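Engineer: Provided herewith: coords_10.pdb, PDB, C-alpha atoms, pLDDT in the B column.
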```pdb
ATOM      1  CA  SER A 328     -11.620  20.301   1.689  1.00 63.00           C
ATOM      2  CA  VAL A 329     -11.386  16.916   3.347  1.00 69.00           C
ATOM      3  CA  ALA A 330      -7.980  17.610   4.867  1.00 76.00           C
ATOM      4  CA  ASP A 331      -7.401  16.633   8.481  1.00 87.00           C
ATOM      5  CA  ALA A 332      -4.404  18.163  10.271  1.00 90.00           C
ATOM      6  CA  ARG A 333      -4.227  15.110  12.574  1.00 94.00           C
ATOM      7  CA  VAL A 334      -3.113  12.882   9.679  1.00 95.00           C
ATOM      8  CA  ASP A 335       0.682  12.664   9.508  1.00 96.00           C
ATOM      9  CA  ALA A 336       1.015   9.866   6.927  1.00 97.00           C
ATOM     10  CA  VAL A 337      -1.218   7.784   4.658  1.00 97.00           C
ATOM     11  CA  VAL A 338      -1.097   4.062   3.881  1.00 97.00           C
ATOM     12  CA  ALA A 339      -3.517   3.295   1.051  1.00 96.00           C
ATOM     13  CA  MET A 340      -4.162  -0.351   0.169  1.00 96.00           C
ATOM     14  CA  ALA A 341      -6.215  -1.112  -2.946  1.00 94.00           C
ATOM     15  CA  SER A 342      -7.680   2.369  -2.630  1.00 92.00           C
ATOM     16  CA  ASP A 343     -10.247   4.001  -4.876  1.00 90.00           C
ATOM     17  CA  ALA A 344      -7.952   6.980  -5.412  1.00 93.00           C
ATOM     18  CA  PHE A 345      -9.484   7.868  -8.774  1.00 91.00           C
ATOM     19  CA  LEU A 346     -12.592   9.121  -6.934  1.00 92.00           C
ATOM     20  CA  PHE A 347     -10.577  12.114  -5.716  1.00 91.00           C
ATOM     21  CA  GLY A 348      -9.311  13.059  -9.171  1.00 92.00           C
ATOM     22  CA  PRO A 349      -5.916  14.614  -9.861  1.00 94.00           C
ATOM     23  CA  ASP A 350      -6.781  17.882  -8.100  1.00 93.00           C
ATOM     24  CA  GLY A 351      -8.071  16.163  -4.993  1.00 92.00           C
ATOM     25  CA  LEU A 352      -5.053  13.886  -4.796  1.00 94.00           C
ATOM     26  CA  ALA A 353      -2.722  16.852  -5.271  1.00 94.00           C
ATOM     27  CA  GLY A 354      -4.005  18.037  -1.891  1.00 93.00           C
ATOM     28  CA  ILE A 355      -2.319  15.069  -0.223  1.00 94.00           C
ATOM     29  CA  ASP A 356       0.948  16.505   1.019  1.00 95.00           C
ATOM     30  CA  VAL A 357       1.775  14.098   3.832  1.00 97.00           C
ATOM     31  CA  PRO A 358       3.939  11.024   3.208  1.00 98.00           C
ATOM     32  CA  LEU A 359       2.128   8.341   1.234  1.00 98.00           C
ATOM     33  CA  LEU A 360       2.552   4.596   0.841  1.00 98.00           C
ATOM     34  CA  ALA A 361       0.241   3.189  -1.851  1.00 98.00           C
ATOM     35  CA  ILE A 362      -0.006  -0.586  -2.219  1.00 97.00           C
ATOM     36  CA  GLY A 363      -2.006  -2.520  -4.791  1.00 97.00           C
ATOM     37  CA  GLY A 364      -2.140  -5.647  -6.888  1.00 96.00           C
ATOM     38  CA  THR A 365      -1.790  -6.055 -10.633  1.00 96.00           C
ATOM     39  CA  ALA A 366      -4.797  -8.406 -10.841  1.00 96.00           C
ATOM     40  CA  ASP A 367      -7.151  -6.330  -8.694  1.00 95.00           C
ATOM     41  CA  ALA A 368     -10.415  -6.142 -10.648  1.00 92.00           C
ATOM     42  CA  SER A 369     -12.173  -4.087  -7.945  1.00 91.00           C
ATOM     43  CA  ALA A 370      -9.555  -1.333  -7.695  1.00 93.00           C
ATOM     44  CA  PRO A 371      -7.184  -1.734 -10.654  1.00 93.00           C
ATOM     45  CA  ASP A 372      -3.699  -0.540  -9.828  1.00 91.00           C
ATOM     46  CA  ALA A 373      -3.702   2.053 -12.620  1.00 90.00           C
ATOM     47  CA  TRP A 374      -6.476   4.038 -10.939  1.00 89.00           C
ATOM     48  CA  SER A 375      -5.850   3.108  -7.321  1.00 94.00           C
ATOM     49  CA  SER A 376      -2.281   2.878  -6.033  1.00 94.00           C
ATOM     50  CA  GLY A 377      -0.743   4.075  -9.278  1.00 95.00           C
ATOM     51  CA  TRP A 378      -3.147   7.017  -9.507  1.00 94.00           C
ATOM     52  CA  ALA A 379      -2.502   8.047  -5.881  1.00 96.00           C
ATOM     53  CA  PHE A 380       1.283   7.858  -6.306  1.00 97.00           C
ATOM     54  CA  ALA A 381       1.201   9.812  -9.578  1.00 97.00           C
ATOM     55  CA  HIS A 382      -1.017  12.655  -8.391  1.00 96.00           C
ATOM     56  CA  ALA A 383      -0.336  13.143  -4.661  1.00 96.00           C
ATOM     57  CA  SER A 384       1.923  16.093  -3.943  1.00 96.00           C
ATOM     58  CA  SER A 385       3.583  14.258  -1.063  1.00 96.00           C
ATOM     59  CA  PRO A 386       7.308  15.055  -0.963  1.00 96.00           C
ATOM     60  CA  ARG A 387       7.927  11.477   0.206  1.00 98.00           C
ATOM     61  CA  ALA A 388       5.878   8.758  -1.417  1.00 98.00           C
ATOM     62  CA  ALA A 389       6.237   5.089  -2.242  1.00 98.00           C
ATOM     63  CA  ARG A 390       4.272   2.643  -4.350  1.00 98.00           C
ATOM     64  CA  ALA A 391       4.373  -1.134  -4.054  1.00 98.00           C
ATOM     65  CA  THR A 392       2.608  -3.363  -6.558  1.00 97.00           C
ATOM     66  CA  LEU A 393       2.132  -7.064  -5.834  1.00 97.00           C
ATOM     67  CA  GLY A 394       2.358  -8.988  -9.093  1.00 97.00           C
ATOM     68  CA  GLY A 395      -0.763 -11.015  -9.809  1.00 97.00           C
ATOM     69  CA  ALA A 396      -2.429 -10.023  -6.533  1.00 96.00           C
ATOM     70  CA  GLY A 397      -6.163  -9.444  -6.373  1.00 93.00           C
ATOM     71  CA  HIS A 398      -8.229  -7.136  -4.214  1.00 90.00           C
ATOM     72  CA  MET A 399      -8.489  -9.462  -1.234  1.00 87.00           C
ATOM     73  CA  VAL A 400      -4.736  -9.991  -0.753  1.00 92.00           C
ATOM     74  CA  PHE A 401      -4.875  -7.515   2.150  1.00 88.00           C
ATOM     75  CA  THR A 402      -7.576  -9.324   4.145  1.00 82.00           C
ATOM     76  CA  GLY A 403      -6.926 -11.292   7.276  1.00 74.00           C
ATOM     77  CA  SER A 404      -7.147 -15.039   7.490  1.00 69.00           C
ATOM     78  CA  CYS A 405     -10.490 -16.775   7.638  1.00 68.00           C
ATOM     79  CA  GLU A 406      -9.337 -18.115  10.993  1.00 72.00           C
ATOM     80  CA  ALA A 407      -9.177 -14.505  12.205  1.00 71.00           C
ATOM     81  CA  VAL A 408     -12.612 -13.775  10.720  1.00 69.00           C
ATOM     82  CA  PRO A 409     -14.523 -17.062  11.149  1.00 72.00           C
ATOM     83  CA  PHE A 410     -17.750 -15.435   9.963  1.00 70.00           C
ATOM     84  CA  LEU A 411     -16.393 -15.400   6.410  1.00 67.00           C
ATOM     85  CA  ARG A 412     -15.725 -19.128   6.465  1.00 66.00           C
ATOM     86  CA  ALA A 413     -19.128 -19.766   8.079  1.00 72.00           C
ATOM     87  CA  ILE A 414     -20.967 -18.038   5.234  1.00 72.00           C
ATOM     88  CA  GLY A 415     -18.882 -19.822   2.610  1.00 61.00           C
ATOM     89  CA  ALA A 416     -16.842 -16.797   1.639  1.00 61.00           C
ATOM     90  CA  GLY A 417     -13.465 -18.523   1.893  1.00 55.00           C
ATOM     91  CA  GLY A 418     -12.414 -16.944  -1.407  1.00 64.00           C
ATOM     92  CA  LEU A 419     -12.430 -13.596   0.367  1.00 72.00           C
ATOM     93  CA  CYS A 420      -9.567 -14.852   2.542  1.00 75.00           C
ATOM     94  CA  SER A 421      -7.252 -15.954  -0.218  1.00 82.00           C
ATOM     95  CA  ASP A 422      -5.509 -14.747  -3.330  1.00 89.00           C
ATOM     96  CA  PRO A 423      -5.047 -16.659  -6.584  1.00 87.00           C
ATOM     97  CA  ALA A 424      -1.385 -15.668  -6.982  1.00 94.00           C
ATOM     98  CA  TRP A 425      -0.047 -15.252  -3.447  1.00 95.00           C
ATOM     99  CA  ARG A 426       0.122 -17.287  -0.288  1.00 93.00           C
ATOM    100  CA  MET A 427      -1.562 -14.946   2.149  1.00 90.00           C
ATOM    101  CA  ASP A 428       1.107 -15.290   4.857  1.00 91.00           C
ATOM    102  CA  GLU A 429       3.841 -14.412   2.360  1.00 95.00           C
ATOM    103  CA  ALA A 430       1.915 -11.405   1.009  1.00 95.00           C
ATOM    104  CA  HIS A 431       1.119 -10.201   4.530  1.00 93.00           C
ATOM    105  CA  ASP A 432       4.761 -10.498   5.610  1.00 95.00           C
ATOM    106  CA  ARG A 433       5.893  -8.337   2.681  1.00 96.00           C
ATOM    107  CA  ILE A 434       3.098  -5.820   3.153  1.00 97.00           C
ATOM    108  CA  ALA A 435       3.856  -5.619   6.895  1.00 96.00           C
ATOM    109  CA  HIS A 436       7.553  -5.111   6.153  1.00 97.00           C
ATOM    110  CA  LEU A 437       6.805  -2.129   3.908  1.00 98.00           C
ATOM    111  CA  VAL A 438       4.146  -0.608   6.155  1.00 98.00           C
ATOM    112  CA  THR A 439       6.344  -0.974   9.249  1.00 98.00           C
ATOM    113  CA  ALA A 440       9.330   0.672   7.552  1.00 98.00           C
ATOM    114  CA  PHE A 441       7.089   3.465   6.258  1.00 98.00           C
ATOM    115  CA  LEU A 442       5.463   4.173   9.627  1.00 98.00           C
ATOM    116  CA  ARG A 443       8.794   3.990  11.465  1.00 98.00           C
ATOM    117  CA  ALA A 444      10.312   6.421   8.958  1.00 98.00           C
ATOM    118  CA  GLU A 445       7.417   8.849   8.976  1.00 98.00           C
ATOM    119  CA  LEU A 446       5.995   8.690  12.483  1.00 97.00           C
ATOM    120  CA  ALA A 447       9.099   7.795  14.496  1.00 98.00           C
ATOM    121  CA  GLY A 448      11.685   9.637  12.383  1.00 97.00           C
ATOM    122  CA  ASP A 449      13.785   6.488  11.979  1.00 97.00           C
ATOM    123  CA  PRO A 450      16.534   7.277   9.424  1.00 96.00           C
ATOM    124  CA  ASP A 451      17.343   3.593   8.847  1.00 96.00           C
ATOM    125  CA  ALA A 452      13.706   2.916   7.974  1.00 97.00           C
ATOM    126  CA  ALA A 453      13.701   5.903   5.611  1.00 97.00           C
ATOM    127  CA  ASP A 454      16.855   4.576   3.922  1.00 96.00           C
ATOM    128  CA  ALA A 455      15.159   1.196   3.533  1.00 96.00           C
ATOM    129  CA  LEU A 456      12.380   2.902   1.520  1.00 98.00           C
ATOM    130  CA  ALA A 457      14.688   4.578  -1.012  1.00 97.00           C
ATOM    131  CA  GLN A 458      14.343   3.828  -4.700  1.00 95.00           C
ATOM    132  CA  GLY A 459      16.339   0.665  -5.367  1.00 95.00           C
ATOM    133  CA  ALA A 460      16.460  -0.370  -1.696  1.00 96.00           C
ATOM    134  CA  VAL A 461      13.340  -2.533  -1.701  1.00 96.00           C
ATOM    135  CA  ARG A 462      13.914  -5.956  -3.201  1.00 95.00           C
ATOM    136  CA  LEU A 463      10.988  -8.149  -2.272  1.00 95.00           C
ATOM    137  CA  GLY A 464      10.197 -10.952  -4.697  1.00 95.00           C
ATOM    138  CA  GLY A 465       6.994 -10.406  -6.628  1.00 96.00           C
ATOM    139  CA  ILE A 466       6.758  -6.714  -5.742  1.00 97.00           C
ATOM    140  CA  GLU A 467       7.471  -3.787  -8.018  1.00 97.00           C
ATOM    141  CA  TYR A 468       8.521  -0.754  -6.001  1.00 97.00           C
ATOM    142  CA  GLU A 469       9.093   2.903  -6.724  1.00 97.00           C
ATOM    143  CA  ALA A 470       9.699   5.838  -4.419  1.00 98.00           C
ATOM    144  CA  ARG A 471      10.432   9.528  -4.336  1.00 97.00           C
ATOM    145  CA  GLY A 472      11.888  11.673  -1.596  1.00 97.00           C
ATOM    146  CA  TYR A 473      13.700   8.904   0.262  1.00 94.00           C
ATOM    147  CA  PRO A 474      17.384   9.635  -0.277  1.00 84.00           C
ATOM    148  CA  ARG A 475      19.811   6.882   0.383  1.00 75.00           C
TER     149      ARG A 475
END
```
Could the structure of this file be written out as structure tokens, please?
Structural biologist:
Amino acid sequence: SVADARVDAVVAMASDAFLFGPDGLAGIDVPLLAIGGTADASAPDAWSSGWAFAHASSPRAARATLGGAGHMVFTGSCEAVPFLRAIGAGGLCSDPAWRMDEAHDRIAHLVTAFLRAELAGDPDAADALAQGAVRLGGIEYEARGYPR
């Protein structure tokens, strides 16, 4: 078992969830937020975020998929990590379909609501995560266990 009782919630971004298999993922019973991109060639959504959401036994789980986003949509700016720019890896700090600031704002919105709901017990944040409550342009969203 790789369970850790100190973990109260999981935010998985472009994860390699398939490595755990359905049985391993079924062992995840804490709240889960899985986020991925539809154009992620490194961790395709079907076997990363989608796989985690489908197989985790979490009673409360959400999945957000950024349309057209690649694997690096979650990275910080090259200004924040100047080493990447210095070695000519500017492509690691951008996404072909999203402006990074816009993607980061939407990701931060979802992660903040999720952590407030799960770690702070904020009922308004939990309501904001309900199926049908999230309407962020360019993002497909599904959830279970968040009644509204």
Engineer: Tell me, in Å to one decimal, how far atom CA of A:Pro371 is from atom CA of A:Phe401.
Structural biologist: 14.2 Å
Engineer: Residues within 7 Å of stretch 333-339 of chain A, please, as a VMD selection string. Count all atoms listed in the file; anything in the same chain fewer than 3 positions from it doesn't count.
Structural biologist: chain A and resid 342 357 to 362 445
Engineer: Given the selection you just returned, output its residues as a file containing C-alpha atoms, formatted as a PDB file, keeping the file's coordinate frame.
Structural biologist:
```pdb
ATOM      1  CA  SER A 342      -7.680   2.369  -2.630  1.00 92.00           C
ATOM      2  CA  VAL A 357       1.775  14.098   3.832  1.00 97.00           C
ATOM      3  CA  PRO A 358       3.939  11.024   3.208  1.00 98.00           C
ATOM      4  CA  LEU A 359       2.128   8.341   1.234  1.00 98.00           C
ATOM      5  CA  LEU A 360       2.552   4.596   0.841  1.00 98.00           C
ATOM      6  CA  ALA A 361       0.241   3.189  -1.851  1.00 98.00           C
ATOM      7  CA  ILE A 362      -0.006  -0.586  -2.219  1.00 97.00           C
ATOM      8  CA  GLU A 445       7.417   8.849   8.976  1.00 98.00           C
TER       9      GLU A 445
END
```
Engineer: Residues near A:Ala368, anyone? I mean within 9 Å using all atoms listed in the file, not counting same-chain ones fewer than 3 positions away, as a ChimeraX atom specification.
Structural biologist: /A:365,371-372,397-398
Engineer: To one decimal place in Å, what is the distance between atom CA of A:Gly394 and atom CA of A:Gly464?
Structural biologist: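 Result for atom CA of A:Gly394 versus atom CA of A:Gly464: 9.2 Å, one decimal.
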Engineer: Assuming the chain letters and numbering stay as they are in my file, what does the PyMOL selection byres ((chain A and resi 374) around 9) actually select? List them as a CSV table (one decimal) with C-alpha atoms, keeping the file's coordinate frame.
Structural biologist:
```
chain,number,residue,atom,x,y,z
A,342,SER,CA,-7.7,2.4,-2.6
A,343,ASP,CA,-10.2,4.0,-4.9
A,344,ALA,CA,-8.0,7.0,-5.4
A,345,PHE,CA,-9.5,7.9,-8.8
A,346,LEU,CA,-12.6,9.1,-6.9
A,370,ALA,CA,-9.6,-1.3,-7.7
A,371,PRO,CA,-7.2,-1.7,-10.7
A,372,ASP,CA,-3.7,-0.5,-9.8
A,373,ALA,CA,-3.7,2.1,-12.6
A,375,SER,CA,-5.8,3.1,-7.3
A,376,SER,CA,-2.3,2.9,-6.0
A,377,GLY,CA,-0.7,4.1,-9.3
A,378,TRP,CA,-3.1,7.0,-9.5
A,379,ALA,CA,-2.5,8.0,-5.9
```
